Amino acid sequence: MKAAVLRGVRDIEITEVPQPEPVGVDSTLVRMDAVGVCGSDVLRFGVGKGYGFPLVLGHEMVATLVEDSPSGRHKAGARVALFPCIPRPEDPMTEIGEFALGTEYDYFGSRRDGGLQEYLRVPERNLFPLRDDMSLIEGALVEPAGVALHAVRKAPITPNASALVIGAGPIGLFAAQWLRVLGATRVIVADIDGHKRALADELGFETIDAGAGPSDQQVLEATGGRGVDIAVEASGLALTFLQAIGAAAHSGHVILLGDLSDDAVLSKEAVSRILRRELVLHGTWNAKITPHGHSEWDMVIAHLGRTVIGTDLVSHIVDMADAQSTFTALADRARWSNKTIFAVSDAARAEAAGVLAGSFSAGVTR
């Protein structure tokens, strides 16, 4: 079968590889359909931030079952989103359903080969069937939407709650949408990118231009000095982390969703704000897929394409054969992009034109 193999820094080869080996508990063979590109994938490609080479990238995955799952719960032909984390069965965190908080877990697309290949074997409990009315492209958005949902659920959303999301990339805009779904009545989105602010406007959010001044100062002005109940840092910068703290109201919650690219130094004024406003800082990582039927991923699949819009975030849908040029363009920031998705199967390629024709982000690139 064919795969896009990352041989080294900035070096992808489309080549033949062996059929996938079983992995985890009750491994099931799937045909890969579509794979979303995460910022972490771009770092693995561009600077080698990962666990070594060779590696097949891709952890935002949707696929079709080639065979019935071992229990018979999922049938051949079912379209499924694939949860990328594979826990150790004996880990105490596995016992309580906190798979991503365990130690020595395995992970598709980083610690082991991921989705940019024609077939994969995946543990049965990592399979999440799509709704019949969902597209494969939407299925490739389940993982990032789940990350955003897990993050915003860290904070209690009180009646008439207000929120700020700094960073209007895919994760940030998913977070903003989940805040609204979960009950926040005022959600402000900050970004320096005019196209991303326009998309946030299109999705019905109040926006501020982060290039016109510090986001926290603009939010304080917009809220009469009070600040917001929930501040989400989704840019991955020390500066915006400090701005999230600065924007939080008394008893506010600050959610650290972006993995910082630089060191953050807390001034005594920032610490004083945390203390005197009794702020709560939340770390967040991945998502939960337990309990079965009532997990965050179940909620994502129930809402995506209905109350939470994903396809407007998709700027590019490309073939796996174009992996080298696609990752090069993303690493070099050679073109504007929002969410890039690889169409691996013919079924996903058949959806591409229709999805892009209706996508706000794709319209920016035309």
# chains A, B, ... in the order shown; residues from 1 in each chain; ligands from 1

call {"tool": "residues_around", "arguments": {"residues": "region 67-74 of chain A", "least_positions_apart": "5", "cutoff": "10 Å", "atoms": "only C-alpha atoms", "output": "PDB file with all heavy atoms, in the first residue's frame"}}
result
ATOM      1  N   VAL A  25      -5.958  -3.129  21.565  1.00  0.00           N
ATOM      2  CA  VAL A  25      -6.940  -4.170  21.891  1.00  0.00           C
ATOM      3  C   VAL A  25      -7.978  -4.272  20.781  1.00  0.00           C
ATOM      4  O   VAL A  25      -8.546  -3.272  20.362  1.00  0.00           O
ATOM      5  CB  VAL A  25      -7.622  -3.839  23.236  1.00  0.00           C
ATOM      6  CG1 VAL A  25      -8.671  -4.891  23.570  1.00  0.00           C
ATOM      7  CG2 VAL A  25      -6.588  -3.736  24.350  1.00  0.00           C
ATOM      8  N   ASP A  26      -8.238  -5.492  20.300  1.00  0.00           N
ATOM      9  CA  ASP A  26      -9.267  -5.742  19.276  1.00  0.00           C
ATOM     10  C   ASP A  26      -9.047  -4.865  18.045  1.00  0.00           C
ATOM     11  O   ASP A  26      -9.903  -4.072  17.637  1.00  0.00           O
ATOM     12  CB  ASP A  26     -10.666  -5.493  19.853  1.00  0.00           C
ATOM     13  CG  ASP A  26     -11.033  -6.499  20.929  1.00  0.00           C
ATOM     14  OD1 ASP A  26     -10.488  -7.621  20.889  1.00  0.00           O
ATOM     15  OD2 ASP A  26     -11.861  -6.173  21.806  1.00  0.00           O
ATOM     16  N   SER A  27      -7.887  -5.033  17.445  1.00  0.00           N
ATOM     17  CA  SER A  27      -7.499  -4.230  16.294  1.00  0.00           C
ATOM     18  C   SER A  27      -8.400  -4.506  15.088  1.00  0.00           C
ATOM     19  O   SER A  27      -8.771  -5.652  14.820  1.00  0.00           O
ATOM     20  CB  SER A  27      -6.043  -4.536  15.944  1.00  0.00           C
ATOM     21  OG  SER A  27      -5.575  -3.683  14.945  1.00  0.00           O
ATOM     22  N   THR A  28      -8.762  -3.440  14.375  1.00  0.00           N
ATOM     23  CA  THR A  28      -9.668  -3.526  13.228  1.00  0.00           C
ATOM     24  C   THR A  28      -9.046  -2.836  12.023  1.00  0.00           C
ATOM     25  O   THR A  28      -8.503  -1.731  12.141  1.00  0.00           O
ATOM     26  CB  THR A  28     -11.018  -2.853  13.568  1.00  0.00           C
ATOM     27  OG1 THR A  28     -11.539  -3.425  14.771  1.00  0.00           O
ATOM     28  CG2 THR A  28     -12.020  -3.045  12.442  1.00  0.00           C
ATOM     29  N   LEU A  29      -9.138  -3.456  10.855  1.00  0.00           N
ATOM     30  CA  LEU A  29      -8.571  -2.889   9.631  1.00  0.00           C
ATOM     31  C   LEU A  29      -9.520  -1.862   9.044  1.00  0.00           C
ATOM     32  O   LEU A  29     -10.718  -2.125   8.852  1.00  0.00           O
ATOM     33  CB  LEU A  29      -8.300  -3.992   8.608  1.00  0.00           C
ATOM     34  CG  LEU A  29      -7.646  -3.546   7.286  1.00  0.00           C
ATOM     35  CD1 LEU A  29      -6.230  -3.021   7.543  1.00  0.00           C
ATOM     36  CD2 LEU A  29      -7.623  -4.692   6.275  1.00  0.00           C
ATOM     37  N   VAL A  30      -8.975  -0.662   8.739  1.00  0.00           N
ATOM     38  CA  VAL A  30      -9.767   0.401   8.124  1.00  0.00           C
ATOM     39  C   VAL A  30      -9.048   0.928   6.892  1.00  0.00           C
ATOM     40  O   VAL A  30      -7.829   0.861   6.791  1.00  0.00           O
ATOM     41  CB  VAL A  30     -10.026   1.564   9.107  1.00  0.00           C
ATOM     42  CG1 VAL A  30     -10.765   1.087  10.343  1.00  0.00           C
ATOM     43  CG2 VAL A  30      -8.723   2.263   9.505  1.00  0.00           C
ATOM     44  N   ARG A  31      -9.838   1.436   5.955  1.00  0.00           N
ATOM     45  CA  ARG A  31      -9.296   2.153   4.793  1.00  0.00           C
ATOM     46  C   ARG A  31      -9.321   3.645   5.114  1.00  0.00           C
ATOM     47  O   ARG A  31     -10.368   4.203   5.447  1.00  0.00           O
ATOM     48  CB  ARG A  31     -10.165   1.894   3.561  1.00  0.00           C
ATOM     49  CG  ARG A  31      -9.652   2.582   2.289  1.00  0.00           C
ATOM     50  CD  ARG A  31     -10.788   2.774   1.289  1.00  0.00           C
ATOM     51  NE  ARG A  31     -11.711   3.830   1.690  1.00  0.00           N
ATOM     52  CZ  ARG A  31     -12.983   3.912   1.301  1.00  0.00           C
ATOM     53  NH1 ARG A  31     -13.495   2.997   0.517  1.00  0.00           N
ATOM     54  NH2 ARG A  31     -13.752   4.921   1.718  1.00  0.00           N
ATOM     55  N   ARG A  79     -18.400   4.268   8.291  1.00  0.00           N
ATOM     56  CA  ARG A  79     -17.460   5.389   8.253  1.00  0.00           C
ATOM     57  C   ARG A  79     -17.214   5.844   9.691  1.00  0.00           C
ATOM     58  O   ARG A  79     -18.166   6.089  10.441  1.00  0.00           O
ATOM     59  CB  ARG A  79     -18.024   6.523   7.407  1.00  0.00           C
ATOM     60  CG  ARG A  79     -18.332   6.103   5.961  1.00  0.00           C
ATOM     61  CD  ARG A  79     -19.107   7.180   5.204  1.00  0.00           C
ATOM     62  NE  ARG A  79     -20.223   7.648   5.978  1.00  0.00           N
ATOM     63  CZ  ARG A  79     -20.532   8.935   6.156  1.00  0.00           C
ATOM     64  NH1 ARG A  79     -19.814   9.889   5.581  1.00  0.00           N
ATOM     65  NH2 ARG A  79     -21.572   9.283   6.892  1.00  0.00           N
ATOM     66  N   VAL A  80     -15.953   5.953  10.072  1.00  0.00           N
ATOM     67  CA  VAL A  80     -15.618   6.184  11.479  1.00  0.00           C
ATOM     68  C   VAL A  80     -14.531   7.246  11.633  1.00  0.00           C
ATOM     69  O   VAL A  80     -13.587   7.304  10.851  1.00  0.00           O
ATOM     70  CB  VAL A  80     -15.144   4.882  12.157  1.00  0.00           C
ATOM     71  CG1 VAL A  80     -16.303   3.914  12.335  1.00  0.00           C
ATOM     72  CG2 VAL A  80     -14.008   4.222  11.387  1.00  0.00           C
ATOM     73  N   VAL A 122      -6.676  -0.218  13.855  1.00  0.00           N
ATOM     74  CA  VAL A 122      -7.034   0.673  14.955  1.00  0.00           C
ATOM     75  C   VAL A 122      -7.808  -0.124  16.004  1.00  0.00           C
ATOM     76  O   VAL A 122      -8.669  -0.933  15.653  1.00  0.00           O
ATOM     77  CB  VAL A 122      -7.899   1.844  14.441  1.00  0.00           C
ATOM     78  CG1 VAL A 122      -8.252   2.803  15.575  1.00  0.00           C
ATOM     79  CG2 VAL A 122      -7.182   2.590  13.321  1.00  0.00           C
ATOM     80  N   PRO A 123      -7.523   0.080  17.303  1.00  0.00           N
ATOM     81  CA  PRO A 123      -8.310  -0.597  18.335  1.00  0.00           C
ATOM     82  C   PRO A 123      -9.796  -0.284  18.209  1.00  0.00           C
ATOM     83  O   PRO A 123     -10.184   0.845  17.881  1.00  0.00           O
ATOM     84  CB  PRO A 123      -7.740  -0.026  19.635  1.00  0.00           C
ATOM     85  CG  PRO A 123      -6.359   0.406  19.288  1.00  0.00           C
ATOM     86  CD  PRO A 123      -6.439   0.902  17.873  1.00  0.00           C
ATOM     87  N   GLU A 124     -10.612  -1.268  18.510  1.00  0.00           N
ATOM     88  CA  GLU A 124     -12.057  -1.101  18.333  1.00  0.00           C
ATOM     89  C   GLU A 124     -12.609   0.066  19.140  1.00  0.00           C
ATOM     90  O   GLU A 124     -13.476   0.811  18.656  1.00  0.00           O
ATOM     91  CB  GLU A 124     -12.784  -2.389  18.723  1.00  0.00           C
ATOM     92  CG  GLU A 124     -14.287  -2.309  18.524  1.00  0.00           C
ATOM     93  CD  GLU A 124     -14.987  -3.626  18.778  1.00  0.00           C
ATOM     94  OE1 GLU A 124     -14.375  -4.523  19.390  1.00  0.00           O
ATOM     95  OE2 GLU A 124     -16.159  -3.772  18.366  1.00  0.00           O
ATOM     96  N   ARG A 125     -12.122   0.275  20.363  1.00  0.00           N
ATOM     97  CA  ARG A 125     -12.682   1.342  21.190  1.00  0.00           C
ATOM     98  C   ARG A 125     -12.300   2.725  20.664  1.00  0.00           C
ATOM     99  O   ARG A 125     -12.830   3.733  21.137  1.00  0.00           O
ATOM    100  CB  ARG A 125     -12.232   1.188  22.636  1.00  0.00           C
ATOM    101  CG  ARG A 125     -10.748   1.392  22.891  1.00  0.00           C
ATOM    102  CD  ARG A 125     -10.435   1.188  24.357  1.00  0.00           C
ATOM    103  NE  ARG A 125      -9.013   1.116  24.610  1.00  0.00           N
ATOM    104  CZ  ARG A 125      -8.492   0.704  25.760  1.00  0.00           C
ATOM    105  NH1 ARG A 125      -9.287   0.333  26.740  1.00  0.00           N
ATOM    106  NH2 ARG A 125      -7.193   0.662  25.935  1.00  0.00           N
ATOM    107  N   LEU A 127     -12.844   3.625  17.564  1.00  0.00           N
ATOM    108  CA  LEU A 127     -13.689   3.843  16.396  1.00  0.00           C
ATOM    109  C   LEU A 127     -14.974   4.549  16.799  1.00  0.00           C
ATOM    110  O   LEU A 127     -15.691   4.090  17.691  1.00  0.00           O
ATOM    111  CB  LEU A 127     -14.044   2.502  15.738  1.00  0.00           C
ATOM    112  CG  LEU A 127     -12.888   1.561  15.403  1.00  0.00           C
ATOM    113  CD1 LEU A 127     -13.439   0.237  14.855  1.00  0.00           C
ATOM    114  CD2 LEU A 127     -11.938   2.199  14.392  1.00  0.00           C
ATOM    115  N   PHE A 128     -15.290   5.667  16.123  1.00  0.00           N
ATOM    116  CA  PHE A 128     -16.497   6.425  16.408  1.00  0.00           C
ATOM    117  C   PHE A 128     -17.284   6.633  15.110  1.00  0.00           C
ATOM    118  O   PHE A 128     -16.890   7.435  14.257  1.00  0.00           O
ATOM    119  CB  PHE A 128     -16.152   7.771  17.041  1.00  0.00           C
ATOM    120  CG  PHE A 128     -15.789   7.666  18.487  1.00  0.00           C
ATOM    121  CD1 PHE A 128     -14.544   7.198  18.871  1.00  0.00           C
ATOM    122  CD2 PHE A 128     -16.716   7.984  19.465  1.00  0.00           C
ATOM    123  CE1 PHE A 128     -14.214   7.073  20.200  1.00  0.00           C
ATOM    124  CE2 PHE A 128     -16.399   7.864  20.815  1.00  0.00           C
ATOM    125  CZ  PHE A 128     -15.145   7.400  21.184  1.00  0.00           C
ATOM    126  N   PRO A 129     -18.402   5.905  14.930  1.00  0.00           N
ATOM    127  CA  PRO A 129     -19.173   6.024  13.692  1.00  0.00           C
ATOM    128  C   PRO A 129     -19.686   7.442  13.465  1.00  0.00           C
ATOM    129  O   PRO A 129     -20.145   8.115  14.400  1.00  0.00           O
ATOM    130  CB  PRO A 129     -20.334   5.046  13.897  1.00  0.00           C
ATOM    131  CG  PRO A 129     -19.835   4.081  14.919  1.00  0.00           C
ATOM    132  CD  PRO A 129     -18.944   4.882  15.827  1.00  0.00           C
TER     133      PRO A 129
END

call {"tool": "select_by_dssp", "arguments": {"residues": "region 93-125 of chain A", "states": "strand (DSSP E or B)", "output": "PDB file with all heavy atoms, in the first residue's frame"}}
result
ATOM      1  N   ASP A 106       0.621   5.116  23.429  1.00  0.00           N
ATOM      2  CA  ASP A 106       1.025   5.181  22.026  1.00  0.00           C
ATOM      3  C   ASP A 106       0.120   6.192  21.330  1.00  0.00           C
ATOM      4  O   ASP A 106      -0.945   6.551  21.863  1.00  0.00           O
ATOM      5  CB  ASP A 106       0.886   3.790  21.387  1.00  0.00           C
ATOM      6  CG  ASP A 106       1.892   3.548  20.276  1.00  0.00           C
ATOM      7  OD1 ASP A 106       2.462   4.538  19.782  1.00  0.00           O
ATOM      8  OD2 ASP A 106       2.092   2.387  19.895  1.00  0.00           O
ATOM      9  N   TYR A 107       0.536   6.645  20.150  1.00  0.00           N
ATOM     10  CA  TYR A 107      -0.228   7.714  19.508  1.00  0.00           C
ATOM     11  C   TYR A 107       0.009   7.673  18.003  1.00  0.00           C
ATOM     12  O   TYR A 107       1.151   7.731  17.535  1.00  0.00           O
ATOM     13  CB  TYR A 107       0.213   9.080  20.053  1.00  0.00           C
ATOM     14  CG  TYR A 107      -0.850  10.137  20.009  1.00  0.00           C
ATOM     15  CD1 TYR A 107      -1.710  10.321  21.085  1.00  0.00           C
ATOM     16  CD2 TYR A 107      -1.009  10.960  18.903  1.00  0.00           C
ATOM     17  CE1 TYR A 107      -2.692  11.302  21.059  1.00  0.00           C
ATOM     18  CE2 TYR A 107      -1.983  11.934  18.866  1.00  0.00           C
ATOM     19  CZ  TYR A 107      -2.820  12.110  19.953  1.00  0.00           C
ATOM     20  OH  TYR A 107      -3.804  13.082  19.921  1.00  0.00           O
ATOM     21  N   PHE A 108      -1.087   7.557  17.249  1.00  0.00           N
ATOM     22  CA  PHE A 108      -0.989   7.567  15.789  1.00  0.00           C
ATOM     23  C   PHE A 108      -0.492   8.923  15.295  1.00  0.00           C
ATOM     24  O   PHE A 108      -0.965   9.965  15.731  1.00  0.00           O
ATOM     25  CB  PHE A 108      -2.349   7.276  15.148  1.00  0.00           C
ATOM     26  CG  PHE A 108      -2.809   5.857  15.293  1.00  0.00           C
ATOM     27  CD1 PHE A 108      -3.919   5.527  16.069  1.00  0.00           C
ATOM     28  CD2 PHE A 108      -2.144   4.829  14.636  1.00  0.00           C
ATOM     29  CE1 PHE A 108      -4.360   4.224  16.192  1.00  0.00           C
ATOM     30  CE2 PHE A 108      -2.563   3.511  14.751  1.00  0.00           C
ATOM     31  CZ  PHE A 108      -3.671   3.208  15.539  1.00  0.00           C
ATOM     32  N   ARG A 112       3.725   6.504  16.599  1.00  0.00           N
ATOM     33  CA  ARG A 112       3.656   5.423  15.610  1.00  0.00           C
ATOM     34  C   ARG A 112       3.037   5.979  14.339  1.00  0.00           C
ATOM     35  O   ARG A 112       2.485   7.078  14.338  1.00  0.00           O
ATOM     36  CB  ARG A 112       2.840   4.241  16.127  1.00  0.00           C
ATOM     37  CG  ARG A 112       1.358   4.498  16.271  1.00  0.00           C
ATOM     38  CD  ARG A 112       0.547   3.199  16.373  1.00  0.00           C
ATOM     39  NE  ARG A 112       1.162   2.225  17.255  1.00  0.00           N
ATOM     40  CZ  ARG A 112       1.626   1.036  16.821  1.00  0.00           C
ATOM     41  NH1 ARG A 112       1.529   0.697  15.552  1.00  0.00           N
ATOM     42  NH2 ARG A 112       2.170   0.186  17.669  1.00  0.00           N
ATOM     43  N   GLN A 117      -1.646   7.063   4.951  1.00  0.00           N
ATOM     44  CA  GLN A 117      -1.399   5.817   4.248  1.00  0.00           C
ATOM     45  C   GLN A 117      -2.752   5.205   3.911  1.00  0.00           C
ATOM     46  O   GLN A 117      -3.780   5.639   4.433  1.00  0.00           O
ATOM     47  CB  GLN A 117      -0.553   4.879   5.092  1.00  0.00           C
ATOM     48  CG  GLN A 117      -1.095   4.586   6.482  1.00  0.00           C
ATOM     49  CD  GLN A 117      -0.111   3.771   7.300  1.00  0.00           C
ATOM     50  OE1 GLN A 117       0.539   2.866   6.806  1.00  0.00           O
ATOM     51  NE2 GLN A 117       0.006   4.114   8.580  1.00  0.00           N
ATOM     52  N   TYR A 119      -4.147   2.214   4.434  1.00  0.00           N
ATOM     53  CA  TYR A 119      -4.836   1.379   5.429  1.00  0.00           C
ATOM     54  C   TYR A 119      -4.177   1.531   6.790  1.00  0.00           C
ATOM     55  O   TYR A 119      -3.008   1.900   6.909  1.00  0.00           O
ATOM     56  CB  TYR A 119      -4.807  -0.099   5.006  1.00  0.00           C
ATOM     57  CG  TYR A 119      -5.578  -0.378   3.738  1.00  0.00           C
ATOM     58  CD1 TYR A 119      -4.935  -0.383   2.498  1.00  0.00           C
ATOM     59  CD2 TYR A 119      -6.949  -0.613   3.766  1.00  0.00           C
ATOM     60  CE1 TYR A 119      -5.633  -0.624   1.327  1.00  0.00           C
ATOM     61  CE2 TYR A 119      -7.662  -0.840   2.601  1.00  0.00           C
ATOM     62  CZ  TYR A 119      -6.998  -0.848   1.389  1.00  0.00           C
ATOM     63  OH  TYR A 119      -7.701  -1.072   0.223  1.00  0.00           O
ATOM     64  N   LEU A 120      -4.939   1.212   7.817  1.00  0.00           N
ATOM     65  CA  LEU A 120      -4.443   1.291   9.183  1.00  0.00           C
ATOM     66  C   LEU A 120      -5.211   0.268  10.015  1.00  0.00           C
ATOM     67  O   LEU A 120      -6.353  -0.089   9.690  1.00  0.00           O
ATOM     68  CB  LEU A 120      -4.689   2.697   9.740  1.00  0.00           C
ATOM     69  CG  LEU A 120      -3.856   3.178  10.927  1.00  0.00           C
ATOM     70  CD1 LEU A 120      -2.374   3.211  10.592  1.00  0.00           C
ATOM     71  CD2 LEU A 120      -4.325   4.577  11.357  1.00  0.00           C
ATOM     72  N   ARG A 121      -4.580  -0.218  11.065  1.00  0.00           N
ATOM     73  CA  ARG A 121      -5.286  -1.039  12.053  1.00  0.00           C
ATOM     74  C   ARG A 121      -5.446  -0.226  13.327  1.00  0.00           C
ATOM     75  O   ARG A 121      -4.485   0.362  13.814  1.00  0.00           O
ATOM     76  CB  ARG A 121      -4.544  -2.348  12.322  1.00  0.00           C
ATOM     77  CG  ARG A 121      -4.680  -3.343  11.186  1.00  0.00           C
ATOM     78  CD  ARG A 121      -4.237  -4.739  11.580  1.00  0.00           C
ATOM     79  NE  ARG A 121      -4.488  -5.685  10.499  1.00  0.00           N
ATOM     80  CZ  ARG A 121      -5.627  -6.340  10.325  1.00  0.00           C
ATOM     81  NH1 ARG A 121      -6.631  -6.146  11.190  1.00  0.00           N
ATOM     82  NH2 ARG A 121      -5.781  -7.175   9.327  1.00  0.00           N
ATOM     83  N   VAL A 122      -6.676  -0.218  13.855  1.00  0.00           N
ATOM     84  CA  VAL A 122      -7.034   0.673  14.955  1.00  0.00           C
ATOM     85  C   VAL A 122      -7.808  -0.124  16.004  1.00  0.00           C
ATOM     86  O   VAL A 122      -8.669  -0.933  15.653  1.00  0.00           O
ATOM     87  CB  VAL A 122      -7.899   1.844  14.441  1.00  0.00           C
ATOM     88  CG1 VAL A 122      -8.252   2.803  15.575  1.00  0.00           C
ATOM     89  CG2 VAL A 122      -7.182   2.590  13.321  1.00  0.00           C
ATOM     90  N   PRO A 123      -7.523   0.080  17.303  1.00  0.00           N
ATOM     91  CA  PRO A 123      -8.310  -0.597  18.335  1.00  0.00           C
ATOM     92  C   PRO A 123      -9.796  -0.284  18.209  1.00  0.00           C
ATOM     93  O   PRO A 123     -10.184   0.845  17.881  1.00  0.00           O
ATOM     94  CB  PRO A 123      -7.740  -0.026  19.635  1.00  0.00           C
ATOM     95  CG  PRO A 123      -6.359   0.406  19.288  1.00  0.00           C
ATOM     96  CD  PRO A 123      -6.439   0.902  17.873  1.00  0.00           C
TER      97      PRO A 123
END

call {"tool": "closest_atom_pairs", "arguments": {"of": "region 283-311 of chain A", "to": "region 149-165 of chain A", "cutoff": "9 Å", "atoms": "only C-alpha atoms", "output": "Markdown table"}}
result
| residue | atom | partner | partner_atom | distance |
| --- | --- | --- | --- | --- |
| A:Gly283 | CA | A:Ala151 | CA | 8.0 |
| A:Thr284 | CA | A:Ala151 | CA | 5.5 |
| A:Trp285 | CA | A:Ala151 | CA | 7.4 |
| A:Asn286 | CA | A:His150 | CA | 7.0 |
| A:Ala287 | CA | A:His150 | CA | 5.2 |
| A:Lys288 | CA | A:His150 | CA | 7.2 |
| A:Glu296 | CA | A:His150 | CA | 6.8 |
| A:Trp297 | CA | A:Leu149 | CA | 8.8 |
| A:Met299 | CA | A:Leu149 | CA | 8.8 |
| A:Val300 | CA | A:Leu149 | CA | 7.8 |

call {"tool": "write_last_selection", "arguments": {"atoms": "N, CA and C atoms", "output": "short mmCIF file (atom, residue, chain, number, x, y, z; two decimals), in the first residue's frame"}}
result
data_model
loop_
_atom_site.label_atom_id
_atom_site.label_comp_id
_atom_site.auth_asym_id
_atom_site.auth_seq_id
_atom_site.Cartn_x
_atom_site.Cartn_y
_atom_site.Cartn_z
N GLY A 283 -5.05 23.77 32.63
CA GLY A 283 -4.35 23.10 31.55
C GLY A 283 -5.30 22.14 30.87
N THR A 284 -5.06 21.88 29.60
CA THR A 284 -5.95 20.97 28.87
C THR A 284 -5.16 20.22 27.81
N TRP A 285 -5.53 18.98 27.60
CA TRP A 285 -4.78 18.13 26.67
C TRP A 285 -5.72 17.09 26.08
N ASN A 286 -5.84 17.08 24.76
CA ASN A 286 -6.58 16.05 24.04
C ASN A 286 -8.06 16.08 24.38
N ALA A 287 -8.70 14.91 24.48
CA ALA A 287 -10.13 14.82 24.76
C ALA A 287 -10.42 13.47 25.40
N LYS A 288 -11.65 13.32 25.89
CA LYS A 288 -12.06 12.06 26.53
C LYS A 288 -13.03 11.31 25.63
N GLU A 296 -17.00 13.05 25.07
CA GLU A 296 -16.83 14.29 24.31
C GLU A 296 -16.86 14.02 22.81
N TRP A 297 -16.28 12.92 22.36
CA TRP A 297 -16.32 12.61 20.93
C TRP A 297 -17.73 12.29 20.47
N MET A 299 -20.35 13.68 21.67
CA MET A 299 -20.97 15.00 21.58
C MET A 299 -20.54 15.74 20.32
N VAL A 300 -19.25 15.64 19.97
CA VAL A 300 -18.76 16.29 18.75
C VAL A 300 -19.52 15.76 17.54
#

call {"tool": "select_by_dssp", "arguments": {"residues": "region 15-123 of chain A", "states": "helix (DSSP H, G or I)", "output": "ChimeraX atom specification"}}
result
/A:39-47,92-95,99-101

call {"tool": "closest_atom_pairs", "arguments": {"of": "region 257-314 of chain A", "to": "region 183-202 of chain A", "cutoff": "12 Å", "atoms": "only C-alpha atoms", "output": "JSON lines"}}
result
{"residue": "A:Ile309", "atom": "CA", "partner": "A:Glu202", "partner_atom": "CA", "distance": 10.8}
{"residue": "A:Gly310", "atom": "CA", "partner": "A:Leu199", "partner_atom": "CA", "distance": 11.5}
{"residue": "A:Thr311", "atom": "CA", "partner": "A:Leu199", "partner_atom": "CA", "distance": 11.5}
{"residue": "A:Asp312", "atom": "CA", "partner": "A:Leu199", "partner_atom": "CA", "distance": 7.9}
{"residue": "A:Leu313", "atom": "CA", "partner": "A:Leu199", "partner_atom": "CA", "distance": 8.1}
{"residue": "A:Val314", "atom": "CA", "partner": "A:Leu199", "partner_atom": "CA", "distance": 11.1}

call {"tool": "residues_around", "arguments": {"residues": "His59 (chain A)", "least_positions_apart": "5", "cutoff": "6 Å", "atoms": "only C-alpha atoms", "output": "ChimeraX atom specification"}}
result
/A:84,108-109,114

call {"tool": "write_last_selection", "arguments": {"atoms": "N, CA and C atoms", "output": "PDB file, in the first residue's frame"}}
result
ATOM      1  N   PRO A  84      -6.886   9.041  18.219  1.00  0.00           N
ATOM      2  CA  PRO A  84      -5.490   8.682  17.944  1.00  0.00           C
ATOM      3  C   PRO A  84      -4.694   8.117  19.114  1.00  0.00           C
ATOM      4  N   PHE A 108      -1.087   7.557  17.249  1.00  0.00           N
ATOM      5  CA  PHE A 108      -0.989   7.567  15.789  1.00  0.00           C
ATOM      6  C   PHE A 108      -0.492   8.923  15.295  1.00  0.00           C
ATOM      7  N   GLY A 109       0.472   8.891  14.382  1.00  0.00           N
ATOM      8  CA  GLY A 109       0.948  10.116  13.755  1.00  0.00           C
ATOM      9  C   GLY A 109       2.068  10.810  14.483  1.00  0.00           C
ATOM     10  N   GLY A 114       0.813   7.181  11.390  1.00  0.00           N
ATOM     11  CA  GLY A 114      -0.547   7.671  11.416  1.00  0.00           C
ATOM     12  C   GLY A 114      -1.289   7.499  10.112  1.00  0.00           C
TER      13      GLY A 114
END

call {"tool": "atom_distance", "arguments": {"atom1": "CA of Ala140 (chain A)", "atom2": "CA of Thr365 (chain A)"}}
result
20.4 Å

call {"tool": "atom_distance", "arguments": {"atom1": "CA of Gly24 (chain A)", "atom2": "CA of Phe99 (chain A)"}}
result
12.6 Å

call {"tool": "closest_residue", "arguments": {"among": "A:Ser40, A:Asn126, A:Thr103, A:Gln177", "to": "Ser295 (chain A)", "atoms": "only C-alpha atoms"}}
result
A:Asn126

call {"tool": "closest_residue", "arguments": {"among": "A:Asp259, A:Glu60, A:Glu221, A:Asp216", "to": "Leu136 (chain A)", "atoms": "only C-alpha atoms"}}
result
A:Glu60

call {"tool": "residues_around", "arguments": {"residues": "Ala348 (chain A)", "least_positions_apart": "5", "cutoff": "9 Å", "atoms": "only C-alpha atoms", "output": "PyMOL selection string"}}
result
chain A and resi 33-34+135-137+342-343

call {"tool": "closest_residue", "arguments": {"among": "A:Gln324, A:Val364, A:Thr15, A:Val308", "to": "Gly146 (chain A)", "atoms": "only C-alpha atoms"}}
result
A:Val308

call {"tool": "closest_residue", "arguments": {"among": "A:Val17, A:Ala329, A:Pro144, A:Asp262", "to": "Pro170 (chain A)", "atoms": "only C-alpha atoms"}}
result
A:Pro144

call {"tool": "closest_residue", "arguments": {"among": "A:Val47, A:Ala244, A:Leu116, A:Gly169", "to": "Glu13 (chain A)", "atoms": "only C-alpha atoms"}}
result
A:Leu116

call {"tool": "atom_distance", "arguments": {"atom1": "CA of Thr328 (chain A)", "atom2": "CA of Met61 (chain A)"}}
result
20.8 Å

call {"tool": "closest_residue", "arguments": {"among": "A:Val219, A:Leu55, A:Val232, A:Leu242", "to": "Val9 (chain A)", "atoms": "only C-alpha atoms"}}
result
A:Leu55
